[in-house]
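Q: File coords22.txt follows (compact mmCIF, C-alpha atoms (C1' of nucleotides)):
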# COMPACT_ATOMS: atom_id res chain seq x y z
CA MET P 1 -12.77 15.57 -17.28
CA ARG P 2 -9.19 16.50 -16.69
CA TRP P 3 -7.61 13.40 -18.16
CA ASP P 4 -4.52 15.42 -18.97
CA ILE P 5 -3.71 16.29 -15.38
CA ILE P 6 -4.84 12.91 -14.07
CA GLU P 7 -2.39 11.13 -16.32
CA LEU P 8 0.43 13.59 -15.90
CA LEU P 9 0.10 13.22 -12.13
CA PHE P 10 0.32 9.45 -12.42
CA PHE P 11 3.51 9.47 -14.45
CA ALA P 12 5.09 12.40 -12.63
CA TYR P 13 4.59 10.88 -9.22
CA ARG P 14 5.76 7.51 -10.42
CA ASP P 15 9.06 8.93 -11.59
CA PHE P 16 9.37 11.23 -8.59
CA VAL P 17 9.18 8.38 -6.11
CA GLY P 18 11.15 6.11 -8.42
CA ASP P 19 14.25 8.21 -7.78
CA ALA P 20 14.25 7.25 -4.15
CA ASP P 21 13.07 3.68 -4.66
CA ASN P 22 16.13 2.72 -6.60
CA GLU P 23 18.41 4.14 -3.96
CA LEU P 24 16.47 2.60 -1.08
CA GLU P 25 16.78 -0.84 -2.51
CA ALA P 26 20.49 -0.85 -1.79
CA PHE P 27 19.69 -0.56 1.91
CA GLY P 28 17.01 -3.18 1.83
CA PHE P 29 14.47 -0.46 2.50
CA GLY P 30 11.30 0.54 0.72
CA ARG P 31 8.92 3.39 0.49
CA ALA P 32 7.55 2.91 3.94
CA HIS P 33 11.02 3.37 5.42
CA HIS P 34 11.61 6.46 3.35
CA ARG P 35 8.41 8.07 4.53
CA VAL P 36 9.09 7.36 8.17
CA LEU P 37 12.64 8.59 8.00
CA HIS P 38 11.69 11.65 6.02
CA PHE P 39 9.13 12.94 8.45
CA VAL P 40 11.17 12.07 11.52
CA HIS P 41 14.04 14.05 10.05
CA ARG P 42 11.98 16.99 8.94
CA TYR P 43 9.92 17.20 12.11
CA PRO P 44 12.27 16.07 14.88
CA GLY P 45 10.64 15.13 18.13
CA LEU P 46 7.50 13.71 16.60
CA LYS P 47 5.82 11.26 18.87
CA VAL P 48 4.70 7.90 17.57
CA ALA P 49 1.06 8.91 17.42
CA ASP P 50 1.94 11.98 15.34
CA LEU P 51 3.65 9.79 12.82
CA LEU P 52 0.70 7.44 12.67
CA ASP P 53 -1.47 10.46 11.92
CA VAL P 54 0.74 11.82 9.19
CA LEU P 55 1.25 8.55 7.45
CA ARG P 56 -2.24 7.32 8.14
CA ILE P 57 -1.11 3.85 9.05
CA THR P 58 -1.61 1.62 12.05
CA LYS P 59 0.90 1.24 14.81
CA GLN P 60 1.58 -2.30 13.72
CA SER P 61 2.55 -1.17 10.27
CA LEU P 62 4.68 1.60 11.68
CA GLY P 63 6.21 -0.72 14.23
CA ARG P 64 7.54 -3.02 11.56
CA VAL P 65 9.42 -0.30 9.71
CA LEU P 66 10.33 1.85 12.67
CA LYS P 67 11.94 -1.08 14.42
CA GLN P 68 14.23 -1.63 11.46
CA LEU P 69 15.22 2.00 11.32
CA LEU P 70 15.91 2.01 15.06
CA ASP P 71 17.83 -1.23 15.00
CA GLU P 72 19.99 -0.05 12.12
CA GLY P 73 20.72 3.29 13.65
CA TYR P 74 18.86 5.67 11.39
CA ILE P 75 16.47 6.81 14.10
CA VAL P 76 16.69 7.15 17.87
CA GLN P 77 13.84 7.56 20.28
CA ARG P 78 13.75 9.43 23.55
CA THR P 79 11.29 9.36 26.37
CA GLY P 80 9.18 12.48 26.60
CA ASN P 81 10.01 15.02 29.29
CA ASN P 82 6.44 15.90 30.12
CA ASP P 83 5.01 12.47 29.53
CA ARG P 84 7.31 9.53 30.01
CA ARG P 85 5.05 7.27 28.06
CA GLN P 86 5.90 9.07 24.88
CA ARG P 87 8.62 8.10 22.51
CA LEU P 88 9.97 11.12 20.69
CA LEU P 89 11.67 10.34 17.46
CA TYR P 90 14.84 11.82 15.96
CA ALA P 91 16.92 11.01 12.93
CA THR P 92 20.56 10.18 13.59
CA ALA P 93 23.37 11.63 11.49
CA LYS P 94 23.23 8.39 9.54
CA GLY P 95 19.52 8.86 9.03
CA GLU P 96 19.93 12.48 7.98
CA ALA P 97 22.55 11.52 5.45
CA LEU P 98 20.22 9.03 3.86
CA VAL P 99 17.25 11.40 3.79
CA GLY P 100 19.51 14.06 2.33
CA ARG P 101 20.65 11.76 -0.41
CA LEU P 102 17.14 10.80 -1.36
CA ALA P 103 15.84 14.35 -1.19
CA GLY P 104 18.77 15.45 -3.32
CA LEU P 105 17.69 13.18 -6.13
CA GLN P 106 14.12 14.33 -5.90
CA THR P 107 15.18 17.96 -5.66
CA ASP P 108 17.22 17.63 -8.83
CA ARG P 109 14.16 16.41 -10.66
CA ILE P 110 11.99 19.14 -9.21
CA ASN P 111 14.47 21.88 -10.04
CA ARG P 112 14.77 20.69 -13.62
CA ALA P 113 11.01 20.77 -13.91
CA LEU P 114 10.73 24.19 -12.30
CA GLY P 115 13.49 25.47 -14.53
CA GLY P 116 11.12 25.80 -17.44
CA ILE P 117 8.35 27.77 -15.83
CA GLY P 118 9.90 30.70 -14.00
CA SER P 119 9.13 31.92 -10.52
CA ASP P 120 5.51 32.80 -11.24
CA GLY P 121 5.06 29.30 -12.57
CA ALA P 122 6.69 27.82 -9.50
CA ASP P 123 4.26 29.80 -7.41
CA SER P 124 1.35 28.39 -9.36
CA VAL P 125 2.62 24.85 -8.87
CA ARG P 126 2.88 25.35 -5.14
CA LYS P 127 -0.59 26.85 -5.02
CA PHE P 128 -1.98 24.03 -7.10
CA LEU P 129 -0.41 21.26 -5.05
CA ARG P 130 -1.46 22.94 -1.86
CA ALA P 131 -5.01 23.24 -3.08
CA MET P 132 -5.03 19.59 -4.10
CA ILE P 133 -4.67 18.66 -0.45
CA ASP P 134 -7.62 18.30 1.88
CA HIS P 135 -7.27 20.96 4.53
CA ASP P 136 -9.88 19.61 6.95
CA ASP P 137 -8.59 17.93 10.05
CA PRO P 138 -4.90 18.10 9.16
CA ASP P 139 -2.37 16.07 11.06
CA LYS P 140 0.36 17.87 12.95
CA VAL P 141 2.78 17.99 10.05
CA LEU P 142 0.27 19.11 7.46
CA ALA P 143 -1.00 21.77 9.84
CA THR P 144 2.54 23.06 10.09
CA ILE P 145 2.93 23.12 6.34
CA LEU P 146 -0.41 24.80 5.76
CA GLU P 147 0.21 27.53 8.26
CA THR P 148 3.73 28.35 7.17
CA GLY P 149 3.30 27.95 3.45
CA GLY P 150 5.92 25.29 3.52
CA ALA P 151 8.75 27.16 5.22
CA THR P 152 9.89 25.46 8.40
CA ALA P 153 12.77 25.62 10.83
CA LYS P 154 14.40 22.74 9.04
CA ASP P 155 14.55 24.67 5.80
CA LYS P 156 17.86 26.26 6.60
CA ASP P 157 19.47 23.84 4.18
CA LYS P 158 17.64 25.32 1.24
CA ALA P 159 20.96 26.15 -0.36
CA MET D 1 16.52 21.12 -1.20
CA ARG D 2 12.96 21.55 -2.27
CA TRP D 3 11.35 20.18 0.86
CA ASP D 4 8.28 22.30 0.14
CA ILE D 5 7.48 20.65 -3.18
CA ILE D 6 8.54 17.20 -1.98
CA GLU D 7 6.07 17.35 0.87
CA LEU D 8 3.28 19.01 -1.06
CA LEU D 9 3.59 16.29 -3.69
CA PHE D 10 3.29 13.59 -1.02
CA PHE D 11 0.11 14.98 0.49
CA ALA D 12 -1.41 16.08 -2.82
CA TYR D 13 -0.97 12.70 -4.42
CA ARG D 14 -2.21 10.93 -1.33
CA ASP D 15 -5.45 12.84 -1.38
CA PHE D 16 -5.74 12.65 -5.16
CA VAL D 17 -5.63 8.86 -5.22
CA GLY D 18 -7.63 8.65 -2.00
CA ASP D 19 -10.69 9.90 -3.88
CA ALA D 20 -10.72 6.83 -6.03
CA ASP D 21 -9.62 4.41 -3.33
CA ASN D 22 -12.68 5.01 -1.24
CA GLU D 23 -14.96 4.42 -4.18
CA LEU D 24 -13.08 1.35 -5.37
CA GLU D 25 -13.46 -0.33 -2.05
CA ALA D 26 -17.18 -0.75 -2.63
CA PHE D 27 -16.38 -2.93 -5.64
CA GLY D 28 -13.77 -4.95 -3.86
CA PHE D 29 -11.16 -3.36 -6.08
CA GLY D 30 -7.97 -1.49 -5.36
CA ARG D 31 -5.53 0.79 -7.02
CA ALA D 32 -4.20 -1.86 -9.31
CA HIS D 33 -7.67 -2.38 -10.78
CA HIS D 34 -8.18 1.31 -11.20
CA ARG D 35 -4.96 1.72 -13.11
CA VAL D 36 -5.67 -1.16 -15.42
CA LEU D 37 -9.20 -0.04 -16.14
CA HIS D 38 -8.15 3.55 -16.59
CA PHE D 39 -5.59 2.91 -19.28
CA VAL D 40 -7.66 0.30 -21.06
CA HIS D 41 -10.49 2.82 -21.24
CA ARG D 42 -8.36 5.74 -22.28
CA TYR D 43 -6.32 3.82 -24.83
CA PRO D 44 -8.68 1.19 -26.23
CA GLY D 45 -7.08 -1.64 -28.08
CA LEU D 46 -3.97 -1.80 -25.95
CA LYS D 47 -2.36 -5.20 -26.05
CA VAL D 48 -1.30 -6.91 -22.88
CA ALA D 49 2.35 -6.12 -23.39
CA ASP D 50 1.55 -2.43 -23.82
CA LEU D 51 -0.20 -2.41 -20.50
CA LEU D 52 2.71 -4.16 -18.81
CA ASP D 53 4.95 -1.42 -20.18
CA VAL D 54 2.75 1.43 -19.02
CA LEU D 55 2.18 0.09 -15.57
CA ARG D 56 5.65 -1.36 -15.26
CA ILE D 57 4.43 -4.55 -13.69
CA THR D 58 4.86 -8.20 -14.53
CA LYS D 59 2.36 -10.27 -16.42
CA GLN D 60 1.62 -12.24 -13.30
CA SER D 61 0.64 -9.11 -11.43
CA LEU D 62 -1.44 -7.91 -14.31
CA GLY D 63 -3.01 -11.30 -14.77
CA ARG D 64 -4.43 -11.29 -11.28
CA VAL D 65 -6.21 -7.99 -11.66
CA LEU D 66 -7.08 -8.26 -15.32
CA LYS D 67 -8.75 -11.58 -14.76
CA GLN D 68 -11.03 -10.05 -12.17
CA LEU D 69 -11.93 -7.15 -14.44
CA LEU D 70 -12.62 -9.55 -17.30
CA ASP D 71 -14.64 -11.95 -15.17
CA GLU D 72 -16.74 -9.14 -13.76
CA GLY D 73 -17.42 -7.57 -17.11
CA TYR D 74 -15.47 -4.32 -16.90
CA ILE D 75 -13.07 -5.27 -19.69
CA VAL D 76 -13.31 -7.43 -22.77
CA GLN D 77 -10.46 -8.76 -24.81
CA ARG D 78 -10.33 -9.46 -28.51
CA THR D 79 -7.89 -11.41 -30.58
CA GLY D 80 -5.71 -9.24 -32.78
CA ASN D 81 -6.51 -9.07 -36.47
CA ASN D 82 -2.91 -9.01 -37.63
CA ASP D 83 -1.56 -11.24 -34.93
CA ARG D 84 -3.90 -13.75 -33.39
CA ARG D 85 -1.67 -14.22 -30.42
CA GLN D 86 -2.48 -10.75 -29.20
CA ARG D 87 -5.23 -9.89 -26.78
CA LEU D 88 -6.51 -6.39 -27.40
CA LEU D 89 -8.25 -4.84 -24.45
CA TYR D 90 -11.36 -2.70 -24.32
CA ALA D 91 -13.43 -1.30 -21.51
CA THR D 92 -17.10 -2.28 -21.52
CA ALA D 93 -19.85 0.24 -20.88
CA LYS D 94 -19.78 -0.98 -17.30
CA GLY D 95 -16.06 -0.36 -17.17
CA GLU D 96 -16.39 3.09 -18.73
CA ALA D 97 -19.01 4.05 -16.20
CA LEU D 98 -16.74 3.13 -13.36
CA VAL D 99 -13.73 4.93 -14.79
CA GLY D 100 -15.90 7.94 -15.43
CA ARG D 101 -17.08 7.99 -11.86
CA LEU D 102 -13.59 7.79 -10.48
CA ALA D 103 -12.21 10.36 -12.89
CA GLY D 104 -15.10 12.64 -12.01
CA LEU D 105 -14.04 12.70 -8.38
CA GLN D 106 -10.45 13.36 -9.26
CA THR D 107 -11.43 15.99 -11.79
CA ASP D 108 -13.46 17.84 -9.18
CA ARG D 109 -10.40 18.04 -6.97
CA ILE D 110 -8.21 19.13 -9.82
CA ASN D 111 -10.63 21.80 -10.99
CA ARG D 112 -10.92 23.21 -7.50
CA ALA D 113 -7.15 23.40 -7.30
CA LEU D 114 -6.82 24.95 -10.74
CA GLY D 115 -9.55 27.41 -9.90
CA GLY D 116 -7.15 29.48 -7.86
CA ILE D 117 -4.35 29.91 -10.36
CA GLY D 118 -5.85 30.98 -13.65
CA SER D 119 -5.10 29.64 -17.09
CA ASP D 120 -1.44 30.71 -17.09
CA GLY D 121 -1.05 28.92 -13.81
CA ALA D 122 -2.75 25.84 -15.19
CA ASP D 123 -0.29 25.93 -18.04
CA SER D 124 2.60 26.06 -15.63
CA VAL D 125 1.25 23.09 -13.71
CA ARG D 126 0.98 21.06 -16.89
CA LYS D 127 4.48 22.05 -17.94
CA PHE D 128 5.84 21.23 -14.52
CA LEU D 129 4.19 17.82 -14.30
CA ARG D 130 5.24 17.01 -17.81
CA ALA D 131 8.82 17.97 -17.06
CA MET D 132 8.79 15.85 -13.92
CA ILE D 133 8.39 12.79 -16.09
CA ASP D 134 11.33 10.95 -17.61
CA HIS D 135 11.03 11.26 -21.35
CA ASP D 136 13.58 8.63 -22.30
CA ASP D 137 12.24 5.34 -23.57
CA PRO D 138 8.55 6.12 -23.06
CA ASP D 139 5.98 3.38 -23.20
CA LYS D 140 3.29 3.57 -25.83
CA VAL D 141 0.87 5.60 -23.72
CA LEU D 142 3.42 8.09 -22.45
CA ALA D 143 4.72 8.55 -25.96
CA THR D 144 1.20 9.43 -27.03
CA ILE D 145 0.83 11.92 -24.21
CA LEU D 146 4.20 13.51 -24.83
CA GLU D 147 3.66 14.00 -28.51
CA THR D 148 0.15 15.39 -28.25
CA GLY D 149 0.56 17.51 -25.17
CA GLY D 150 -2.10 15.44 -23.52
CA ALA D 151 -4.90 15.87 -26.02
CA THR D 152 -6.13 12.56 -27.35
CA ALA D 153 -9.06 11.22 -29.31
CA LYS D 154 -10.65 10.14 -26.08
CA ASP D 155 -10.74 13.70 -24.80
CA LYS D 156 -14.03 14.50 -26.47
CA ASP D 157 -15.69 14.17 -23.09
CA LYS D 158 -13.82 17.17 -21.74
CA ALA D 159 -17.08 18.90 -20.96
C1' DA L 1 11.15 -26.92 -39.67
C1' DA L 2 13.31 -24.23 -36.35
C1' DG L 3 13.43 -20.27 -33.72
C1' DA L 4 11.15 -16.34 -31.75
C1' DT L 5 7.22 -14.09 -29.70
C1' DA L 6 2.50 -13.10 -27.20
C1' DT L 7 0.06 -14.59 -23.67
C1' DG L 8 -1.24 -17.39 -19.80
C1' DT L 9 -0.58 -20.23 -15.58
C1' DC L 10 1.54 -22.27 -11.40
C1' DA L 11 4.16 -21.46 -7.26
C1' DA L 12 6.68 -19.28 -3.78
C1' DT L 13 8.16 -15.00 -1.82
C1' DA L 14 8.40 -9.94 -0.48
C1' DT L 15 6.66 -5.22 0.91
C1' DG L 16 3.62 -2.86 3.34
C1' DG L 17 -0.83 -2.43 5.08
C1' DC L 18 -5.02 -4.15 8.02
C1' DT L 19 -7.83 -6.10 12.10
C1' DG L 20 -8.11 -8.02 16.65
C1' DA L 21 -6.28 -8.95 20.99
C1' DC L 22 -3.43 -8.30 24.79
C1' DA L 23 0.19 -6.12 27.77
C1' DT L 24 2.84 -2.62 30.47
C1' DA L 25 3.86 1.86 32.01
C1' DA L 26 2.44 6.36 32.85
C1' DA L 27 -0.87 9.93 33.36
C1' DC L 28 -5.29 11.50 34.67
C1' DT L 29 -9.65 11.45 37.28
C1' DT L 30 -12.44 10.36 41.06
C1' DA B 1 -5.39 5.36 46.78
C1' DA B 2 -8.08 3.23 43.44
C1' DG B 3 -10.01 3.27 39.08
C1' DT B 4 -9.83 4.78 34.42
C1' DT B 5 -7.65 6.39 30.40
C1' DT B 6 -3.83 6.90 27.42
C1' DA B 7 0.88 6.02 24.88
C1' DT B 8 3.25 2.59 23.13
C1' DG B 9 4.54 -2.09 21.98
C1' DT B 10 3.87 -6.96 20.56
C1' DC B 11 1.73 -11.20 18.70
C1' DA B 12 -0.89 -13.31 15.04
C1' DG B 13 -3.27 -13.95 10.92
C1' DC B 14 -4.68 -12.03 6.69
C1' DC B 15 -4.80 -9.06 2.45
C1' DA B 16 -3.33 -6.11 -1.82
C1' DT B 17 0.00 -5.82 -4.95
C1' DA B 18 4.25 -6.79 -6.70
C1' DT B 19 8.40 -10.02 -7.85
C1' DT B 20 11.11 -14.11 -9.64
C1' DG B 21 11.42 -18.52 -11.92
C1' DA B 22 9.58 -22.02 -14.65
C1' DC B 23 6.72 -23.99 -17.97
C1' DA B 24 3.08 -24.26 -21.62
C1' DT B 25 0.41 -23.28 -25.93
C1' DA B 26 -0.55 -20.83 -29.97
C1' DT B 27 1.09 -17.92 -33.49
C1' DC B 28 4.38 -15.55 -36.24
C1' DT B 29 8.93 -15.12 -38.63
C1' DT B 30 12.90 -16.82 -40.89
Turn the structure described in the file into structure tokens.
A:
Amino acid sequence: MRWDIIELLFFAYRDFVGDADNELEAFGFGRAHHRVLHFVHRYPGLKVADLLDVLRITKQSLGRVLKQLLDEGYIVQRTGNNDRRQRLLYATAKGEALVGRLAGLQTDRINRALGGIGSDGADSVRKFLRAMIDHDDPDKVLATILETGGATAKDKDKA
Amino acid sequence: MRWDIIELLFFAYRDFVGDADNELEAFGFGRAHHRVLHFVHRYPGLKVADLLDVLRITKQSLGRVLKQLLDEGYIVQRTGNNDRRQRLLYATAKGEALVGRLAGLQTDRINRALGGIGSDGADSVRKFLRAMIDHDDPDKVLATILETGGATAKDKDKA
DNA sequence: AAGATATGTCAATATGGCTGACATAAACTT
DNA sequence: AAGTTTATGTCAGCCATATTGACATATCTT
């Protein structure tokens, strides 16, 4: 039994998401909002169904949170060009700023943690995390990540 | 920005906890039950306040779940010897069996993921996860983990 | 004895998720 | 053109898990 990793994962993830939680509270948002905004920002033009797939939630659940983000100007939606039924989702500048802020906190934590294990170690972590994920039947976003090793068009801000 | 690790962590943790979730459903339990049972099993003799600290929840939240686990025979509580106000918590054989089952699933996933990175890589993962955790003001369990590097008396079943 | 602490309970509320049902608009198929 | 399917949205009720506030009893400490 790998109790060591099981428990480290619990505490690590708790603190990792805790960074954002504290910040989100000020906006009256929670984790669900963060997730939606994150993926909309990182994968602009996602349709609603894509997001449901990624997050593995129902449209009612998504609707609740998405509506708030739309109403408050963090996300805009556009009708699809090829299929006018679709609603393609994009983060606004306001939304990007918020995602950036949250990701900054999380990145700080990650960089501190990576700081002690060198680039080979960082490689191992990426390999490990990647291998922890089920690869069968990936949603659109995960498929993108798995086929690019994590590098995407939106990674230009990896400064 | 470490978008790569941020996203890998999201999906990895989702799938990691998903293993247990599916199994828990059959018992009419959820994540909260799993967490409680896990720590009670791994750190027998925890008092209620310790558990509140570890899980960072209120006694009302804990009470709901703990009561179910007590009523259904997964956990027993004993009055403290030095302080009769305390309720020390222990997993029953039934409780241990369930934890073992859940941890087995998670361990399989972890071992598969570790299988690709060798023992140096595994070391790096442990160091990384450990460094991802806030070390200030640790609760009783985390303090134990941090000072022993994850090896505890209950690790004899690391077969 | 007075004050502090460990635990437990009641009650109302919040976040985020679910199921079922229904609706409209748009696209596809016949 | 009509019928069928699909993309999205909404209403409603319920659930899991967590919170806050208040209060209570038993036990320990001063």
Q: Can you measure CA of Leu55 in chain P to CA of Thr58 in chain D for me? One decimal in Å is fine.
A: 27.9 Å
Q: If we count only C-alpha atoms (C1' of nucleotides) and set the cut-off at 10 Å, which residues sit around DA26 in chain B, ignoring sequence neighbours fewer than 5 positions away in its own chain? Please answer as a list of chain:residue names.
A: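 What passes the distance filter is D:Arg84, D:Arg85, L:DA6, L:DT7.
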Q: Could you give me, as a count of residues only, the residues within 6 Å of Pro44 in chain D, counting all atoms listed in the file and dropping anything in the same chain fewer than 3 positions from it?
A: 3
Q: Check the smallest atom-to-atom distance from each of D:Ala122, D:Val99, D:Met1, D:Gln60 to DG21 in chain B using all atoms listed in the file, then report the winner.
A: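 Answer, going by the shortest atom-to-atom distance: D:Gln60.
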Q: Lay chain P over chain D using all C-alpha atoms, matched one to one in order, with a least-squares fit; then write it out as a tab-separated table (two decimals) with C-alpha atoms, in the frame of the given file.
A:
chain	number	residue	atom	x	y	z
P	1	MET	CA	16.52	21.16	-1.17
P	2	ARG	CA	12.95	21.55	-2.25
P	3	TRP	CA	11.32	20.18	0.86
P	4	ASP	CA	8.28	22.30	0.14
P	5	ILE	CA	7.46	20.65	-3.16
P	6	ILE	CA	8.52	17.21	-1.96
P	7	GLU	CA	6.04	17.36	0.89
P	8	LEU	CA	3.27	19.01	-1.05
P	9	LEU	CA	3.57	16.28	-3.68
P	10	PHE	CA	3.28	13.60	-1.02
P	11	PHE	CA	0.10	15.00	0.48
P	12	ALA	CA	-1.43	16.08	-2.81
P	13	TYR	CA	-0.98	12.70	-4.42
P	14	ARG	CA	-2.21	10.94	-1.34
P	15	ASP	CA	-5.48	12.84	-1.39
P	16	PHE	CA	-5.76	12.65	-5.17
P	17	VAL	CA	-5.64	8.87	-5.21
P	18	GLY	CA	-7.64	8.68	-2.00
P	19	ASP	CA	-10.70	9.92	-3.87
P	20	ALA	CA	-10.74	6.84	-6.02
P	21	ASP	CA	-9.63	4.43	-3.31
P	22	ASN	CA	-12.70	5.02	-1.23
P	23	GLU	CA	-14.97	4.43	-4.18
P	24	LEU	CA	-13.08	1.35	-5.36
P	25	GLU	CA	-13.45	-0.33	-2.05
P	26	ALA	CA	-17.16	-0.73	-2.62
P	27	PHE	CA	-16.38	-2.93	-5.62
P	28	GLY	CA	-13.75	-4.92	-3.84
P	29	PHE	CA	-11.16	-3.33	-6.09
P	30	GLY	CA	-7.96	-1.48	-5.36
P	31	ARG	CA	-5.52	0.79	-7.01
P	32	ALA	CA	-4.18	-1.83	-9.31
P	33	HIS	CA	-7.65	-2.37	-10.77
P	34	HIS	CA	-8.17	1.33	-11.20
P	35	ARG	CA	-4.94	1.73	-13.11
P	36	VAL	CA	-5.66	-1.15	-15.43
P	37	LEU	CA	-9.18	-0.04	-16.13
P	38	HIS	CA	-8.16	3.56	-16.59
P	39	PHE	CA	-5.58	2.91	-19.26
P	40	VAL	CA	-7.66	0.30	-21.05
P	41	HIS	CA	-10.48	2.82	-21.24
P	42	ARG	CA	-8.35	5.74	-22.28
P	43	TYR	CA	-6.31	3.80	-24.81
P	44	PRO	CA	-8.70	1.19	-26.21
P	45	GLY	CA	-7.11	-1.66	-28.06
P	46	LEU	CA	-3.99	-1.81	-25.95
P	47	LYS	CA	-2.37	-5.18	-26.08
P	48	VAL	CA	-1.31	-6.92	-22.90
P	49	ALA	CA	2.35	-6.12	-23.41
P	50	ASP	CA	1.54	-2.42	-23.82
P	51	LEU	CA	-0.20	-2.42	-20.50
P	52	LEU	CA	2.71	-4.17	-18.84
P	53	ASP	CA	4.94	-1.43	-20.20
P	54	VAL	CA	2.78	1.42	-19.02
P	55	LEU	CA	2.21	0.07	-15.58
P	56	ARG	CA	5.67	-1.39	-15.28
P	57	ILE	CA	4.46	-4.60	-13.74
P	58	THR	CA	4.90	-8.25	-14.58
P	59	LYS	CA	2.37	-10.28	-16.45
P	60	GLN	CA	1.62	-12.25	-13.34
P	61	SER	CA	0.70	-9.14	-11.45
P	62	LEU	CA	-1.39	-7.90	-14.33
P	63	GLY	CA	-2.98	-11.29	-14.79
P	64	ARG	CA	-4.34	-11.29	-11.28
P	65	VAL	CA	-6.15	-7.98	-11.64
P	66	LEU	CA	-7.04	-8.24	-15.30
P	67	LYS	CA	-8.71	-11.58	-14.75
P	68	GLN	CA	-11.00	-10.03	-12.16
P	69	LEU	CA	-11.91	-7.16	-14.41
P	70	LEU	CA	-12.62	-9.56	-17.27
P	71	ASP	CA	-14.61	-11.95	-15.15
P	72	GLU	CA	-16.73	-9.15	-13.73
P	73	GLY	CA	-17.40	-7.58	-17.07
P	74	TYR	CA	-15.48	-4.34	-16.87
P	75	ILE	CA	-13.08	-5.27	-19.66
P	76	VAL	CA	-13.32	-7.45	-22.75
P	77	GLN	CA	-10.47	-8.75	-24.83
P	78	ARG	CA	-10.36	-9.45	-28.53
P	79	THR	CA	-7.92	-11.38	-30.61
P	80	GLY	CA	-5.75	-9.19	-32.79
P	81	ASN	CA	-6.55	-8.98	-36.49
P	82	ASN	CA	-2.96	-8.92	-37.66
P	83	ASP	CA	-1.60	-11.18	-34.98
P	84	ARG	CA	-3.96	-13.68	-33.46
P	85	ARG	CA	-1.74	-14.19	-30.49
P	86	GLN	CA	-2.53	-10.74	-29.24
P	87	ARG	CA	-5.26	-9.89	-26.83
P	88	LEU	CA	-6.53	-6.38	-27.41
P	89	LEU	CA	-8.23	-4.85	-24.46
P	90	TYR	CA	-11.36	-2.69	-24.30
P	91	ALA	CA	-13.44	-1.31	-21.49
P	92	THR	CA	-17.10	-2.29	-21.49
P	93	ALA	CA	-19.87	0.22	-20.85
P	94	LYS	CA	-19.78	-0.98	-17.26
P	95	GLY	CA	-16.06	-0.37	-17.15
P	96	GLU	CA	-16.39	3.08	-18.70
P	97	ALA	CA	-19.01	4.04	-16.17
P	98	LEU	CA	-16.72	3.13	-13.32
P	99	VAL	CA	-13.71	4.92	-14.78
P	100	GLY	CA	-15.90	7.93	-15.41
P	101	ARG	CA	-17.07	7.98	-11.84
P	102	LEU	CA	-13.58	7.79	-10.47
P	103	ALA	CA	-12.21	10.36	-12.88
P	104	GLY	CA	-15.10	12.64	-12.00
P	105	LEU	CA	-14.05	12.71	-8.38
P	106	GLN	CA	-10.46	13.37	-9.27
P	107	THR	CA	-11.45	15.99	-11.81
P	108	ASP	CA	-13.47	17.84	-9.20
P	109	ARG	CA	-10.43	18.03	-6.99
P	110	ILE	CA	-8.21	19.13	-9.84
P	111	ASN	CA	-10.63	21.80	-11.01
P	112	ARG	CA	-10.93	23.22	-7.51
P	113	ALA	CA	-7.17	23.40	-7.31
P	114	LEU	CA	-6.83	24.95	-10.75
P	115	GLY	CA	-9.55	27.43	-9.90
P	116	GLY	CA	-7.16	29.52	-7.88
P	117	ILE	CA	-4.36	29.92	-10.36
P	118	GLY	CA	-5.86	31.00	-13.66
P	119	SER	CA	-5.08	29.66	-17.10
P	120	ASP	CA	-1.44	30.72	-17.09
P	121	GLY	CA	-1.06	28.91	-13.80
P	122	ALA	CA	-2.73	25.83	-15.20
P	123	ASP	CA	-0.28	25.93	-18.05
P	124	SER	CA	2.62	26.07	-15.63
P	125	VAL	CA	1.27	23.08	-13.72
P	126	ARG	CA	1.00	21.05	-16.89
P	127	LYS	CA	4.50	22.04	-17.92
P	128	PHE	CA	5.84	21.22	-14.50
P	129	LEU	CA	4.20	17.81	-14.28
P	130	ARG	CA	5.27	17.00	-17.79
P	131	ALA	CA	8.83	17.95	-17.02
P	132	MET	CA	8.78	15.83	-13.88
P	133	ILE	CA	8.38	12.77	-16.06
P	134	ASP	CA	11.31	10.93	-17.58
P	135	HIS	CA	11.00	11.24	-21.32
P	136	ASP	CA	13.57	8.60	-22.27
P	137	ASP	CA	12.22	5.33	-23.55
P	138	PRO	CA	8.54	6.11	-23.02
P	139	ASP	CA	5.96	3.38	-23.17
P	140	LYS	CA	3.26	3.58	-25.80
P	141	VAL	CA	0.86	5.60	-23.69
P	142	LEU	CA	3.41	8.08	-22.42
P	143	ALA	CA	4.72	8.54	-25.95
P	144	THR	CA	1.20	9.43	-27.00
P	145	ILE	CA	0.84	11.91	-24.19
P	146	LEU	CA	4.21	13.50	-24.81
P	147	GLU	CA	3.63	13.98	-28.49
P	148	THR	CA	0.14	15.38	-28.22
P	149	GLY	CA	0.58	17.47	-25.12
P	150	GLY	CA	-2.09	15.45	-23.47
P	151	ALA	CA	-4.89	15.83	-26.00
P	152	THR	CA	-6.09	12.50	-27.34
P	153	ALA	CA	-8.98	11.10	-29.32
P	154	LYS	CA	-10.66	10.10	-26.10
P	155	ASP	CA	-10.75	13.67	-24.88
P	156	LYS	CA	-14.03	14.43	-26.55
P	157	ASP	CA	-15.67	14.18	-23.15
P	158	LYS	CA	-13.80	17.18	-21.86
P	159	ALA	CA	-17.09	18.91	-21.20
Q: Counting all atoms listed in the file, I want the residues whose atoms come within 12 Å of (-10.0, 26.7, -7.4) in the file frame, returned as a PyMOL selection string.
A: (chain P and resi 124+127-133) or (chain D and resi 107-119+121-122)
Q: Pick out the closest residue to chain D from this set: B:DT27, B:DT4, B:DT10, B:DT20. Count all atoms listed in the file.
A: B:DT27
